[in-house]
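Q: Shown below is the structure under consideration.
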Amino acid sequence: MATLTNCRMVIAVGELGWVKRQFGHRARLALSAAEHLLIDEQAHAARTVWNCLHAWWQMMPKDKRTLANADAAIRQARKEIDFLAVLPAQAAQAVLKTYFQAWKNCWDGRAEAPNFKGRFRSVMSVDIPQGRDLQIKRVHRRWGMANTPKVGRVRFHWTKDLPVGKKANAENRITGARLVKDHLGRHIAFRVQSFEARPASHQGAHVGIDAGVNLPLALSDGNHQDHGRAPRLPDGSADRDKWLNTEEKGKLLCLARRAARRTTHRKPGERTSRRLHRTYDQIRGLRAKATRRHQDWQHKTTTALARKYGVMVVEALTITNMVKSARGTIAEPGTDVAQKSGLNRSISQEAWGRTVTMLTYKAGRYGGTLHKVPAPNTSRRCCACGFITPGSREDQATFVCKTPDCGWSGNADHNAARNILHLYRMGHALIPAAGRAVVRRDKRVKPATAR
């Protein structure tokens with residue numbers, strides 16, 4: 001049996017009782033000015049190789065889009081363009097493999113089609129596919145050294161024990177790394193492979209989980225998970241910057257006004273000034289801080305759920321369809337566009353897909369399972385009587401059954417969570433996901449009925 005998940009991967013092999021895990025560990029780099037310049041040049045060269053591959057893909061006929069032809073095109077480009085020579089050959093091959101894998105993910109329905117990478121919109125990164133080239137060594141309690149091709153030895157903060165030296169073997173080793181520059185700074189992300197004993201089957205209870213906006217994670221047993229620190233706006237919707245404190249919100253507002261003022265005085269077609277780029281970087285830094293805090297809450301919450309429950313059931317949601325704009329067209333303009341825009345923003349900020357991904361691989365790590373059930377009518381059906389009566393969903397947070405013989409009332413998300421668990425017990429699970437990622441359903445296949 002083989003199972004695979006995103007992010008931190010868990011791969012169970014055979015019936016030998018051991019599990020192969022692959023995960024990443026990020027460490028902050030401490031670089032000199034010359035090392036900064038060299039790594040930046042390599043990252044821009046890697047981005048250029050991606051864009052050249054994308055242009056080559058669009059020009060070539062379908063029968064000529066092969067890995068061998070693309071490899072030959074990259075080799076020819078590296079000979080003719082001196083700028084691409086700063087990128088190591090193995091890093092260029094990693095860009096090629098990543099690009100082809102991006103198309104496979106698109107064809108399987110797991111991601112959008114790859115596109116052009118802009119200079120300021122994309123994350124700069126350089127891949128080091130061979131772990132043996134790193135030659136990692138710990139030189140101090142807080143510092144480590146790693147070898148990077150065409151750059152030399154670089155320092156990084158040693159915050160977690162890595163399988164190097166005598167600790168490294170065929171079953172526990174570093175398989176590669178990636179140099180990343182984003183709004184959080186410069187990091188080196190190590191790919192670590194290890195083998196662990198296969199977890200025993202989890203004997204915990206079953207639970208249905210409904211992801212919502214008013215209540216982030218509603219559980220069928222009433223043990224709901226809320227952010228705790230996220231304030232609500234007067235209309236009941238979630239605050240856009242709920243993960244920032246008052247001082248950080250004020251700073252973000254000042255930066256937004258400064259950027260708008262500098263954009264206003266810029267002439268059409270004029271190049272963006274360094275001051276405006278600096279302002280944008282500060283705004284992105286605050287946004288990244290809020291994202292880190294949200295991800296920290298997601299990791300802690302999903303780990304607690306995976307440890308407690310043996311079977312977790314969620315909805316099979318197509319989030320991309322849920323966040324489409326209601327603007328409409330000029331001939332047929334939409335209604336309640338502003339309200340729908342706010343709802344779309346709240347859904348995107350909650351990152352439901354990332355929560356399900358974390359639950360998936362953590363369930364496999366602790367011996368549990370995660371299942372998906374059809375989403376239609378889970379929030380409209382009464383969990384007590386099982387009937388769908390118009391008007392029962394009074395608002396975003398309240399559900400009152402309008403069936404004369406029922407009258408059940410409670411939280412709308414709690415009602416949906418109980419319906420989700422009921423669908424699983426009735427045998428309506430779409431794809432059992434025992435510790436592996438669920439592949440998105442093909443767009444041409446209609447969803448199964450709820451009952």
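Naming scheme: A, B, ... for chains in displayed order of the structure tokens; residues 1 onward per chain; ligands 1 onward as shown.
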Could you pull out the strand (DSSP E) residues of stretch 148-386 of chain A, going by DSSP on the backbone, and write them as an NGL selection string?

A: :A and (148 or 152-157 or 172-182 or 185-197 or 205-211 or 217-219 or 309-315 or 369-373)

Q: Can I get the selected residues back with C-alpha atoms, as a PDB file, in the first residue's frame?

A:
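Result file is part-v9.pdb:
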```pdb
ATOM      1  CA  THR A 148      25.730  25.869  -2.158  1.00  0.00           C
ATOM      2  CA  GLY A 152      30.241  28.519  -1.484  1.00  0.00           C
ATOM      3  CA  ARG A 153      29.726  27.906   2.209  1.00  0.00           C
ATOM      4  CA  VAL A 154      26.804  29.810   3.746  1.00  0.00           C
ATOM      5  CA  ARG A 155      25.762  30.128   7.370  1.00  0.00           C
ATOM      6  CA  PHE A 156      22.288  29.375   8.719  1.00  0.00           C
ATOM      7  CA  HIS A 157      20.636  29.391  12.138  1.00  0.00           C
ATOM      8  CA  ASN A 172      17.383   9.167   7.838  1.00  0.00           C
ATOM      9  CA  ARG A 173      19.023  11.753   5.617  1.00  0.00           C
ATOM     10  CA  ILE A 174      18.711  15.078   3.806  1.00  0.00           C
ATOM     11  CA  THR A 175      17.737  14.633   0.157  1.00  0.00           C
ATOM     12  CA  GLY A 176      18.053  18.252  -1.006  1.00  0.00           C
ATOM     13  CA  ALA A 177      17.362  21.881  -0.208  1.00  0.00           C
ATOM     14  CA  ARG A 178      16.037  25.102  -1.660  1.00  0.00           C
ATOM     15  CA  LEU A 179      17.215  28.691  -1.187  1.00  0.00           C
ATOM     16  CA  VAL A 180      14.164  30.920  -0.779  1.00  0.00           C
ATOM     17  CA  LYS A 181      13.763  34.690  -0.607  1.00  0.00           C
ATOM     18  CA  ASP A 182      10.331  35.974   0.378  1.00  0.00           C
ATOM     19  CA  GLY A 185      13.702  37.065   4.597  1.00  0.00           C
ATOM     20  CA  ARG A 186      16.182  34.565   3.174  1.00  0.00           C
ATOM     21  CA  HIS A 187      15.911  30.923   4.220  1.00  0.00           C
ATOM     22  CA  ILE A 188      17.231  27.539   3.281  1.00  0.00           C
ATOM     23  CA  ALA A 189      14.560  24.815   3.247  1.00  0.00           C
ATOM     24  CA  PHE A 190      15.944  21.311   3.765  1.00  0.00           C
ATOM     25  CA  ARG A 191      14.132  18.224   2.461  1.00  0.00           C
ATOM     26  CA  VAL A 192      14.469  15.538   5.123  1.00  0.00           C
ATOM     27  CA  GLN A 193      13.625  11.842   4.662  1.00  0.00           C
ATOM     28  CA  SER A 194      13.187   9.527   7.613  1.00  0.00           C
ATOM     29  CA  PHE A 195      11.635   6.157   8.456  1.00  0.00           C
ATOM     30  CA  GLU A 196       9.328   5.653  11.393  1.00  0.00           C
ATOM     31  CA  ALA A 197       7.232   2.845  12.782  1.00  0.00           C
ATOM     32  CA  ALA A 205     -14.346   8.707  18.126  1.00  0.00           C
ATOM     33  CA  HIS A 206     -15.882   9.776  14.807  1.00  0.00           C
ATOM     34  CA  VAL A 207     -16.472  13.474  14.179  1.00  0.00           C
ATOM     35  CA  GLY A 208     -17.935  15.611  11.427  1.00  0.00           C
ATOM     36  CA  ILE A 209     -16.160  18.915  10.719  1.00  0.00           C
ATOM     37  CA  ASP A 210     -17.744  21.897   8.991  1.00  0.00           C
ATOM     38  CA  ALA A 211     -15.497  24.779   7.922  1.00  0.00           C
ATOM     39  CA  LEU A 217     -14.272  24.725  12.560  1.00  0.00           C
ATOM     40  CA  ALA A 218     -17.583  23.414  13.871  1.00  0.00           C
ATOM     41  CA  LEU A 219     -17.559  19.847  15.205  1.00  0.00           C
ATOM     42  CA  TYR A 309     -10.402  11.582  16.737  1.00  0.00           C
ATOM     43  CA  GLY A 310      -9.955   8.365  14.785  1.00  0.00           C
ATOM     44  CA  VAL A 311     -12.239   9.251  11.860  1.00  0.00           C
ATOM     45  CA  MET A 312     -12.731  12.806  10.621  1.00  0.00           C
ATOM     46  CA  VAL A 313     -15.294  13.681   7.959  1.00  0.00           C
ATOM     47  CA  VAL A 314     -15.337  16.911   5.928  1.00  0.00           C
ATOM     48  CA  GLU A 315     -17.206  18.278   2.932  1.00  0.00           C
ATOM     49  CA  THR A 369      -8.545   8.449   8.559  1.00  0.00           C
ATOM     50  CA  LEU A 370     -10.146  11.414   6.830  1.00  0.00           C
ATOM     51  CA  HIS A 371     -13.147  11.105   4.501  1.00  0.00           C
ATOM     52  CA  LYS A 372     -15.051  13.500   2.269  1.00  0.00           C
ATOM     53  CA  VAL A 373     -18.809  13.550   1.713  1.00  0.00           C
TER      54      VAL A 373
END
```

Q: Can you tell me, as a PyMOL selection string, what residues are no more than 8 Å from A:Asp241 when counting only C-alpha atoms, ignoring any on the same chain fewer than 3 positions away?

A: chain A and resi 244+249+290

Q: Let me make sure I understand: among A:Ile39, A:His227, A:Pro268, A:Arg138, which one has the smallest atom-to-atom distance to A:Lys300 if we use only C-alpha atoms?

A: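 Of A:Ile39, A:His227, A:Pro268, A:Arg138, the one nearest A:Lys300 is A:His227, counting only C-alpha atoms.
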
Q: Residues of stretch 5-113 of chain A in alpha helix (DSSP H) according to DSSP, as an MDAnalysis selection string?

A: chainID A and resid 33:59 67:80 89:107

Q: Using only C-alpha atoms, which of A:Arg132, A:Arg26, A:Lys251, A:His414 sits nearest A:Gly212?

A: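 Ranking A:Arg132, A:Arg26, A:Lys251, A:His414 by distance to A:Gly212, first place goes to A:His414.
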
Q: Can you work out which one of A:His224, A:Lys362, A:Arg354, A:Arg261 has the shortest atom-to-atom distance to A:Ala417, counting only C-alpha atoms?

A: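 Smallest distance to A:Ala417 is found for A:His224.
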